[in-house]
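Novice: One file: run_19.txt (compact mmCIF, C-alpha atoms).
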```txt
# COMPACT_ATOMS: atom_id res chain seq x y z
CA MET A 165 -6.82 -73.56 47.08
CA HIS A 166 -7.21 -70.22 45.28
CA THR A 167 -10.51 -68.57 46.28
CA MET A 168 -10.26 -65.18 44.56
CA LYS A 169 -11.89 -65.01 41.15
CA TYR A 170 -9.52 -64.57 38.23
CA ARG A 171 -9.54 -64.93 34.45
CA HIS A 172 -9.53 -68.68 33.98
CA HIS A 173 -8.04 -68.67 30.52
CA LEU A 174 -4.80 -67.98 32.42
CA ASP A 175 -4.90 -71.66 33.42
CA ALA A 176 -3.81 -72.51 29.87
CA ILE A 177 -0.70 -70.31 30.12
CA ARG A 178 2.58 -71.70 31.39
CA GLY A 179 4.57 -69.29 33.51
CA PHE A 180 8.00 -68.17 32.32
CA ASP A 181 10.73 -70.55 33.41
CA PRO A 182 14.12 -68.81 33.14
CA PRO A 183 17.34 -70.79 32.80
CA ARG A 184 19.74 -71.07 35.71
CA SER A 185 20.91 -67.66 36.87
CA LEU A 186 24.38 -66.24 36.39
CA ASP A 187 24.40 -65.68 40.15
CA GLU A 188 24.47 -69.43 40.70
CA SER A 189 27.66 -71.46 40.61
CA GLY A 190 28.46 -74.84 39.10
CA ALA A 191 31.31 -77.29 39.59
CA HIS A 192 33.57 -74.99 37.58
CA GLY A 193 32.72 -71.78 39.44
CA ARG A 194 30.37 -69.12 38.11
CA LEU A 195 28.13 -70.36 35.33
CA ILE A 196 28.57 -69.24 31.73
CA ASN A 197 25.09 -68.25 30.56
CA LEU A 198 24.70 -69.03 26.85
CA ALA A 199 20.92 -69.37 27.02
CA LEU A 200 19.68 -65.78 26.71
CA ASN A 201 21.39 -64.56 23.51
CA GLU A 202 23.18 -61.70 25.23
CA ASN A 203 26.07 -59.76 23.71
CA SER A 204 29.37 -61.44 24.62
CA LEU A 205 31.23 -58.11 24.20
CA GLY A 206 29.05 -56.30 26.72
CA TYR A 207 28.17 -52.75 25.71
CA SER A 208 29.92 -49.76 24.14
CA PRO A 209 32.37 -47.75 26.29
CA ARG A 210 30.34 -44.71 25.30
CA VAL A 211 27.39 -46.19 27.16
CA GLY A 212 29.40 -46.43 30.38
CA GLU A 213 30.54 -42.84 30.05
CA ALA A 214 27.02 -41.59 29.34
CA LEU A 215 25.55 -43.51 32.28
CA ALA A 216 28.17 -42.18 34.68
CA ALA A 217 27.39 -38.63 33.59
CA ALA A 218 23.63 -39.18 33.93
CA LEU A 219 23.53 -40.70 37.42
CA GLY A 220 22.98 -37.31 39.01
CA GLU A 221 19.67 -37.05 37.12
CA ALA A 222 18.26 -40.28 38.55
CA SER A 223 16.00 -38.38 40.96
CA ARG A 224 13.98 -36.99 38.05
CA TYR A 225 11.21 -38.77 36.17
CA PRO A 226 12.22 -39.89 32.67
CA ALA A 227 10.84 -38.44 29.45
CA THR A 228 7.49 -40.13 28.81
CA PHE A 229 8.04 -40.47 25.06
CA CYS A 230 11.86 -40.86 25.12
CA ASP A 231 12.04 -37.61 23.14
CA ALA A 232 15.80 -37.34 22.59
CA LEU A 233 16.12 -40.98 21.57
CA ARG A 234 12.98 -40.83 19.46
CA ASN A 235 14.27 -37.83 17.53
CA LYS A 236 17.63 -39.53 16.97
CA LEU A 237 15.97 -42.64 15.56
CA ALA A 238 13.61 -40.55 13.46
CA ARG A 239 16.57 -38.83 11.80
CA ARG A 240 18.35 -42.14 11.30
CA HIS A 241 15.38 -43.81 9.61
CA ASP A 242 13.94 -40.70 7.94
CA LEU A 243 10.61 -41.14 9.71
CA GLU A 244 8.46 -38.77 11.71
CA PRO A 245 9.11 -39.02 15.48
CA GLU A 246 5.42 -39.74 16.00
CA ARG A 247 5.95 -43.14 14.36
CA PHE A 248 8.07 -44.51 17.23
CA LEU A 249 7.07 -45.99 20.58
CA PHE A 250 9.46 -47.23 23.26
CA GLY A 251 8.99 -50.01 25.77
CA ASN A 252 10.56 -51.65 28.76
CA GLY A 253 12.08 -54.19 26.37
CA ILE A 254 10.17 -55.79 23.52
CA PHE A 255 8.24 -57.89 26.05
CA GLU A 256 6.22 -54.88 27.14
CA ILE A 257 5.49 -53.79 23.58
CA LEU A 258 4.12 -57.24 22.72
CA SER A 259 1.61 -56.90 25.54
CA LEU A 260 0.70 -53.37 24.47
CA ILE A 261 0.03 -54.55 20.93
CA CYS A 262 -2.30 -57.27 22.17
CA SER A 263 -4.08 -54.80 24.44
CA VAL A 264 -4.88 -52.68 21.39
CA PHE A 265 -5.57 -55.26 18.68
CA VAL A 266 -6.65 -58.54 20.34
CA GLY A 267 -9.90 -59.14 22.18
CA GLU A 268 -11.82 -62.12 23.49
CA GLY A 269 -12.11 -64.79 20.79
CA ASP A 270 -10.06 -62.93 18.18
CA GLU A 271 -7.65 -65.06 16.17
CA VAL A 272 -3.91 -64.53 16.14
CA VAL A 273 -1.76 -66.31 13.55
CA LEU A 274 1.62 -67.50 14.72
CA PRO A 275 4.37 -69.60 13.08
CA GLU A 276 5.26 -72.44 15.44
CA PRO A 277 7.68 -72.78 17.14
CA SER A 278 8.44 -69.14 17.84
CA PHE A 279 9.26 -66.72 20.63
CA GLY A 280 7.08 -67.83 23.53
CA TRP A 281 5.80 -64.43 24.64
CA TYR A 282 3.80 -63.99 21.42
CA THR A 283 1.52 -66.78 22.59
CA ILE A 284 1.34 -65.60 26.19
CA ALA A 285 0.52 -62.00 25.30
CA SER A 286 -2.14 -63.16 22.83
CA LYS A 287 -3.82 -65.49 25.30
CA VAL A 288 -3.76 -62.95 28.14
CA SER A 289 -5.86 -60.68 25.89
CA GLY A 290 -8.28 -63.54 25.24
CA GLY A 291 -7.04 -64.32 21.76
CA ARG A 292 -7.18 -67.73 20.09
CA VAL A 293 -3.78 -68.68 18.68
CA VAL A 294 -3.75 -70.30 15.24
CA THR A 295 -0.38 -71.95 14.72
CA VAL A 296 1.33 -72.55 11.39
CA PRO A 297 4.23 -75.04 11.23
CA LEU A 298 7.61 -73.97 9.91
CA ARG A 299 8.88 -75.37 6.63
CA GLU A 300 12.51 -76.49 6.64
CA TYR A 301 13.01 -74.57 9.92
CA ALA A 302 11.81 -71.28 8.38
CA ILE A 303 8.56 -69.31 8.35
CA ASP A 304 6.23 -70.50 5.60
CA LEU A 305 4.68 -67.20 4.51
CA ASP A 306 2.27 -68.87 2.08
CA ALA A 307 0.91 -71.03 4.87
CA VAL A 308 0.69 -68.03 7.21
CA ALA A 309 -1.28 -66.08 4.60
CA ALA A 310 -3.61 -69.05 4.08
CA ALA A 311 -4.30 -69.20 7.83
CA ILE A 312 -5.61 -65.63 7.94
CA GLY A 313 -9.38 -65.68 8.23
CA PRO A 314 -12.29 -63.33 9.00
CA ARG A 315 -11.56 -63.41 12.75
CA THR A 316 -7.82 -62.81 12.40
CA ARG A 317 -6.66 -59.59 14.04
CA LEU A 318 -2.92 -60.08 14.32
CA VAL A 319 -0.01 -61.96 12.72
CA TRP A 320 3.30 -62.50 14.56
CA LEU A 321 6.52 -62.80 12.57
CA CYS A 322 10.14 -62.69 13.72
CA ASN A 323 13.00 -62.10 11.30
CA PRO A 324 15.57 -63.55 11.94
CA HIS A 325 13.50 -66.33 13.40
CA ASN A 326 13.77 -67.12 17.08
CA PRO A 327 14.74 -69.88 17.85
CA MET A 328 15.85 -71.22 14.46
CA GLY A 329 17.93 -68.27 13.23
CA THR A 330 16.57 -68.48 9.69
CA VAL A 331 15.39 -65.47 7.68
CA VAL A 332 12.58 -64.44 5.38
CA ALA A 333 13.84 -62.75 2.21
CA SER A 334 12.82 -59.24 1.25
CA GLY A 335 10.85 -60.16 -1.87
CA ALA A 336 8.89 -62.88 -0.09
CA LEU A 337 8.02 -60.56 2.77
CA ARG A 338 6.87 -57.77 0.43
CA ALA A 339 4.66 -60.22 -1.46
CA PHE A 340 3.20 -61.51 1.81
CA LEU A 341 2.36 -58.01 3.06
CA GLU A 342 0.49 -57.31 -0.18
CA ARG A 343 -1.70 -60.36 0.54
CA VAL A 344 -2.59 -59.46 4.13
CA PRO A 345 -5.91 -57.61 4.54
CA PRO A 346 -5.29 -54.01 5.64
CA GLU A 347 -7.39 -54.49 8.80
CA VAL A 348 -5.04 -57.24 10.08
CA ALA A 349 -2.00 -56.05 12.03
CA VAL A 350 1.34 -57.67 11.17
CA VAL A 351 4.08 -57.55 13.79
CA LEU A 352 7.62 -58.00 12.45
CA ASP A 353 10.05 -58.59 15.31
CA GLU A 354 13.59 -57.74 14.17
CA ALA A 355 15.30 -58.22 17.54
CA TYR A 356 18.24 -59.97 15.87
CA GLY A 357 18.19 -57.98 12.64
CA GLU A 358 21.62 -56.39 13.11
CA TYR A 359 23.24 -59.82 12.87
CA ALA A 360 21.56 -60.85 9.61
CA ALA A 361 24.22 -61.15 6.90
CA ALA A 362 21.80 -62.17 4.14
CA PRO A 363 22.03 -59.79 1.16
CA ASP A 364 18.25 -59.88 0.68
CA PHE A 365 17.37 -59.32 4.33
CA PRO A 366 14.45 -56.85 4.41
CA ASP A 367 14.45 -53.49 6.15
CA GLY A 368 11.23 -53.67 8.12
CA ILE A 369 11.15 -49.99 9.00
CA ALA A 370 11.38 -49.07 5.32
CA LEU A 371 8.46 -51.42 4.64
CA ALA A 372 6.46 -49.76 7.43
CA ARG A 373 6.43 -46.58 5.35
CA ARG A 374 4.35 -48.41 2.73
CA HIS A 375 2.17 -50.67 4.89
CA ALA A 376 0.00 -48.98 7.49
CA ASN A 377 -0.77 -52.32 9.18
CA LEU A 378 2.90 -53.22 9.77
CA ILE A 379 4.46 -52.83 13.24
CA VAL A 380 8.23 -53.33 13.34
CA LEU A 381 9.99 -54.14 16.61
CA ARG A 382 13.67 -53.66 17.42
CA THR A 383 15.68 -53.85 20.62
CA PHE A 384 18.83 -52.57 22.28
CA SER A 385 19.23 -55.83 24.22
CA LYS A 386 21.11 -57.89 21.64
CA ALA A 387 23.65 -56.30 19.28
CA TYR A 388 23.85 -53.13 21.41
CA GLY A 389 24.37 -55.09 24.64
CA LEU A 390 21.82 -53.31 26.86
CA ALA A 391 19.76 -56.33 27.96
CA GLY A 392 19.91 -55.33 31.64
CA LEU A 393 18.48 -51.86 30.99
CA ARG A 394 15.36 -53.12 29.17
CA ILE A 395 14.63 -50.89 26.20
CA GLY A 396 13.13 -51.67 22.81
CA TYR A 397 10.99 -49.83 20.32
CA ALA A 398 8.25 -50.11 17.72
CA ALA A 399 8.08 -48.29 14.40
CA ALA A 400 4.68 -48.09 12.72
CA GLY A 401 2.10 -45.69 11.37
CA ALA A 402 1.41 -42.61 13.49
CA GLU A 403 -2.17 -43.73 14.18
CA THR A 404 -0.98 -47.14 15.38
CA ILE A 405 1.56 -45.52 17.69
CA ARG A 406 -1.10 -43.17 19.03
CA LEU A 407 -3.27 -46.18 19.96
CA LEU A 408 -0.36 -47.95 21.63
CA HIS A 409 0.45 -44.85 23.66
CA LYS A 410 -3.10 -44.96 25.06
CA VAL A 411 -2.33 -48.20 26.91
CA LYS A 412 1.32 -47.52 27.75
CA THR A 413 2.19 -46.54 31.30
CA PRO A 414 3.60 -43.00 31.57
CA PRO A 415 6.58 -43.13 31.76
CA ASN A 416 7.64 -46.73 31.13
CA VAL A 417 11.34 -46.56 30.11
CA ASN A 418 13.74 -45.41 32.81
CA HIS A 419 16.01 -42.42 32.28
CA LEU A 420 19.28 -44.35 32.32
CA ALA A 421 18.01 -46.77 29.67
CA GLN A 422 17.14 -43.83 27.42
CA ILE A 423 20.58 -42.28 27.91
CA ALA A 424 22.34 -45.61 27.27
CA ALA A 425 20.38 -46.35 24.10
CA ALA A 426 21.16 -42.92 22.64
CA ALA A 427 24.86 -43.40 23.39
CA ALA A 428 24.83 -46.91 21.91
CA LEU A 429 23.43 -45.61 18.64
CA ASP A 430 26.38 -43.24 18.33
CA ASP A 431 29.00 -46.01 18.51
CA GLU A 432 28.76 -47.73 15.15
CA ASP A 433 32.27 -49.20 15.57
CA PHE A 434 31.15 -51.18 18.61
CA LEU A 435 28.08 -52.43 16.74
CA ALA A 436 30.30 -53.55 13.86
CA ARG A 437 32.62 -55.38 16.27
CA SER A 438 29.68 -57.11 17.92
CA VAL A 439 28.33 -58.31 14.59
CA ALA A 440 31.77 -59.40 13.36
CA ALA A 441 32.41 -61.36 16.57
CA VAL A 442 29.14 -63.26 16.15
CA ARG A 443 29.81 -64.06 12.50
CA GLN A 444 33.29 -65.35 13.32
CA GLY A 445 31.85 -67.33 16.22
CA LEU A 446 29.25 -68.90 13.94
CA ALA A 447 31.96 -69.85 11.45
CA ASP A 448 33.90 -71.53 14.27
CA TYR A 449 30.78 -73.41 15.38
CA TYR A 450 30.09 -74.59 11.83
CA ALA A 451 33.66 -75.90 11.55
CA CYS A 452 33.38 -77.71 14.89
CA CYS A 453 30.01 -79.27 14.05
CA ASP A 454 31.14 -80.29 10.57
CA ALA A 455 34.22 -81.99 12.01
CA LEU A 456 32.07 -83.88 14.54
CA GLY A 457 29.31 -84.80 12.09
CA LEU A 458 26.70 -82.75 13.98
CA GLY A 459 23.83 -81.14 12.13
CA TYR A 460 22.92 -77.47 12.59
CA ILE A 461 20.72 -74.76 11.12
CA PRO A 462 22.80 -71.98 9.51
CA SER A 463 22.00 -68.93 11.59
CA PHE A 464 21.54 -65.23 10.89
CA ALA A 465 21.29 -64.40 14.59
CA ASN A 466 23.68 -64.64 17.55
CA PHE A 467 22.69 -68.20 18.44
CA LEU A 468 22.80 -71.62 16.83
CA MET A 469 20.56 -74.69 16.86
CA ILE A 470 22.64 -77.91 16.91
CA ASP A 471 21.40 -81.47 16.33
CA LEU A 472 23.21 -83.71 18.81
CA GLY A 473 21.34 -86.88 17.88
CA ARG A 474 20.61 -87.43 21.58
CA ASP A 475 18.21 -86.12 24.19
CA GLY A 476 18.57 -82.33 24.41
CA ASP A 477 17.50 -82.18 28.06
CA GLU A 478 20.18 -84.70 28.98
CA ALA A 479 22.77 -82.82 26.93
CA ALA A 480 21.83 -79.54 28.63
CA ARG A 481 22.47 -81.21 32.00
CA VAL A 482 25.91 -82.34 30.80
CA PHE A 483 26.73 -78.77 29.80
CA LEU A 484 25.46 -77.52 33.16
CA GLU A 485 27.81 -79.90 34.93
CA GLU A 486 30.60 -78.20 32.98
CA GLY A 487 29.40 -74.77 34.10
CA ILE A 488 27.57 -73.83 30.87
CA VAL A 489 23.89 -72.89 30.67
CA LEU A 490 22.17 -73.34 27.31
CA ARG A 491 18.75 -74.35 26.00
CA SER A 492 17.41 -77.78 25.19
CA GLY A 493 15.57 -77.93 21.88
CA ARG A 494 12.69 -79.87 23.39
CA GLU A 495 10.64 -76.73 24.06
CA THR A 496 10.85 -75.88 20.34
CA GLY A 497 9.80 -79.32 19.15
CA LEU A 498 13.37 -80.52 18.47
CA PRO A 499 14.04 -82.86 21.41
CA ASN A 500 17.47 -83.98 20.18
CA TRP A 501 18.79 -80.46 19.66
CA ILE A 502 20.26 -77.67 21.76
CA ARG A 503 20.36 -73.90 21.25
CA VAL A 504 23.49 -72.02 22.25
CA THR A 505 24.32 -68.31 22.27
CA ILE A 506 27.51 -67.38 20.42
CA GLY A 507 29.89 -66.37 23.22
CA ASN A 508 33.40 -65.01 23.30
CA ASP A 509 36.35 -67.13 22.14
CA GLU A 510 36.96 -68.77 25.52
CA GLU A 511 33.26 -69.52 26.08
CA ASN A 512 32.97 -71.01 22.60
CA ARG A 513 36.04 -73.19 23.16
CA ARG A 514 34.48 -74.59 26.34
CA VAL A 515 31.32 -75.45 24.42
CA PHE A 516 33.36 -77.12 21.67
CA ALA A 517 35.12 -79.29 24.27
CA VAL A 518 31.79 -80.58 25.58
CA LEU A 519 30.48 -81.12 22.03
CA ARG A 520 33.55 -83.25 21.25
CA ARG A 521 32.92 -85.31 24.38
CA LEU A 522 29.25 -85.82 23.53
CA ALA A 523 30.12 -86.76 19.95
CA ALA A 524 32.69 -89.28 21.19
CA ASP A 525 30.14 -90.78 23.60
CA ARG A 526 27.69 -91.19 20.72
CA GLN A 527 30.24 -93.24 18.75
CA THR A 528 31.04 -95.66 21.57
```
Since I need it in another form, could you write the structure as structure tokens?

Specialist:
Amino acid sequence: MHTMKYRHHLDAIRGFDPPRSLDESGAHGRLINLALNENSLGYSPRVGEALAAALGEASRYPATFCDALRNKLARRHDLEPERFLFGNGIFEILSLICSVFVGEGDEVVLPEPSFGWYTIASKVSGGRVVTVPLREYAIDLDAVAAAIGPRTRLVWLCNPHNPMGTVVASGALRAFLERVPPEVAVVLDEAYGEYAAAPDFPDGIALARRHANLIVLRTFSKAYGLAGLRIGYAAAGAETIRLLHKVKTPPNVNHLAQIAAAAALDDEDFLARSVAAVRQGLADYYACCDALGLGYIPSFANFLMIDLGRDGDEAARVFLEEGIVLRSGRETGLPNWIRVTIGNDEENRRVFAVLRRLAADRQT
């Protein structure tokens, strides 16, 4: 029995339950992890070269504000450096945002389902989460706006949506931001933004120039392939960034992550290859699912939700037996679905083989 006193609203929070580790092995040898939406191409060769050159500096503390990287991003986006904050992945920045904007009993509006850490970070700060259901697997901005009340302090949005892969169009997002009271913070998580092929996909950082209450999040974990180094960033008004820096640990992003991110930004060819590989992989998945009569949600990210018409937990176990780790849709309210990361050609072919087997079993 736990005798130390702690914050009992933590009892309502479920701890993070990661999928099976890549270090584990299945019947077919080392597991293929298609559950975490990592980059199947790895990272840019320039990153490897930069890291090798920087290893001799590992005995020094890193730059507290990621100065070199911050200046590079500022030039790229034509924003003042003071409008950027860096974190040990987006996870840390979510917690920082709640530390600044959410207090005991404050309301936080969240489309549901969504990325799970939005809820955890909000509840840890004592916030009350007000959920808004998706409409046709996408964020219903009208419903989100209607849910904002006098106690609302924060709105969470992700674009492309995680886990559905759908997007909010630029015009709809601009209209929504005009409706949000200026004292309510809006977080726009664009972790998968590089993959979005929609012609009307909004540029959140450009919108942050016009809306002082908008906080845009981006990461180097997905399209840039640096998930193991843990680095993401926020772009917002200078005053917002100043507040976030008050609760950020100094320093929080390690030196090698800063070096790797700066090198990754310089290799636009690798980024283009990563995006092209995902789009081709999605096209291959669509063709496979269409041939098998399986439903899916067209995706603008590097993952796909697939309707198997059978229990997603059971299907995930079948994939695991074949050495493939992916996500059941049950945790997102779609119990007959799975979510799979777009892998390389060989990984995708192995998934297709299992999908064909499951589809055949369904017909017998």

Novice: Would you list the contacts of Arg474 in chain A as number ranges by chain, taking every protein, DNA or RNA residue within 12 Å and counting only C-alpha atoms, but skipping same-chain residues closer than 3 positions in sequence?

Specialist: A: 458-459, 470-471, 477-480, 482, 492-494, 498-502, 519, 522-523, 525-527

Novice: Give me the residues within 6 Å of range 391-402 of chain A as a list in words, counting only C-alpha atoms and dropping any in the same chain fewer than 4 places off.

Specialist: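 Residues meeting the cut-off are Glu246, Arg247, Phe248, Leu249, Phe250, Gly251, Asn252, Gly253, Ile254, Ala372, Ala376, Ile379, Val380, Leu381, Arg382, Thr383, Phe384, Ser385 and Ala421 of chain A.
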
Novice: Counting all atoms listed in the file, I want the residues whose atoms come within 10 Å of (-2.4, -47.2, 21.7) in the file frame, returned as a ChimeraX atom specification.

Specialist: /A:249,260-261,263-265,403-412

Novice: Between CA of Thr283 in chain A and CA of Val489 in chain A, what distance in Å does the model show, to one decimal?

Specialist: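 Value for the CA of Thr283 in chain A-CA of Val489 in chain A distance: 24.6 Å.
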
Novice: For range 445-456 of chain A, find every residue with an atom within 7 Å (counting all atoms listed in the file), except residues of its own chain fewer than 6 positions away, and show them as a list in words.

Specialist: Ile506, Phe516, Arg520 and Ala523 of chain A

Novice: Return the single residue from A:Gly267, A:Pro345, A:Gly220, A:Gly280 that is closest to Ile177 in chain A, with distances computed using all atoms listed in the file.

Specialist: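 Distance minimum relative to Ile177 in chain A lands on A:Gly280.
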
Novice: Of the candidates A:Val518, A:Phe483, A:Ala333, A:Cys322, which one gets nearest to Ile196 in chain A if we count all atoms listed in the file?

Specialist: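 Smallest separation from Ile196 in chain A among the options: A:Phe483.
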
Novice: Using only C-alpha atoms, which residues sit within 12 Å of Arg374 in chain A once same-chain residues fewer than 5 positions away are excluded, as a list in words?

Specialist: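 That gives Leu243, Arg338, Leu341, Glu342, Pro346, Asp367, Gly368, Ile369, Ile379, Ala400 and Gly401 of chain A.
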
Novice: So, counting all atoms listed in the file, which residue among A:Leu174, A:His375, A:Gly497, A:Asp231 is closest to Leu298 in chain A?

Specialist: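 Among the listed residues, A:Gly497 lies closest to Leu298 in chain A.
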
Novice: Compare A:Leu484, A:Ala426, A:Leu371, A:Leu258 by their minimum atom-to-atom distance to Asp353 in chain A, counting all atoms listed in the file, and give me the closest one.

Specialist: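 Closest to Asp353 in chain A, using all atoms listed in the file: A:Leu258.
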
Novice: Which residues, written as a VMD selection string, have at least one atom at most 12 Å from Ala310 in chain A, with only C-alpha atoms counted and residues fewer than 4 positions away on the same chain left out?

Specialist: chain A and resid 273 to 274 294 to 296 304 to 306 314 316 319 340 343 to 345

Novice: Could you check how far CA of Val293 in chain A sits from CA of Asp175 in chain A, in Å to one decimal?

Specialist: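 According to the coordinates, CA of Val293 in chain A and CA of Asp175 in chain A are separated by 15.1 Å.
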
Novice: My list of candidates is A:Glu358, A:Glu495, A:Glu347, A:Glu268. Which is closest to Ala436 in chain A when distances are computed with all atoms listed in the file?

Specialist: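 When distances to Ala436 in chain A are compared using all atoms listed in the file, the smallest one comes from A:Glu358.
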
Novice: Rank A:Ala349, A:Ala361, A:Val331, A:Met469 by their smallest atom-to-atom distance to Val266 in chain A, using only C-alpha atoms, and report the top residue only.

Specialist: A:Ala349
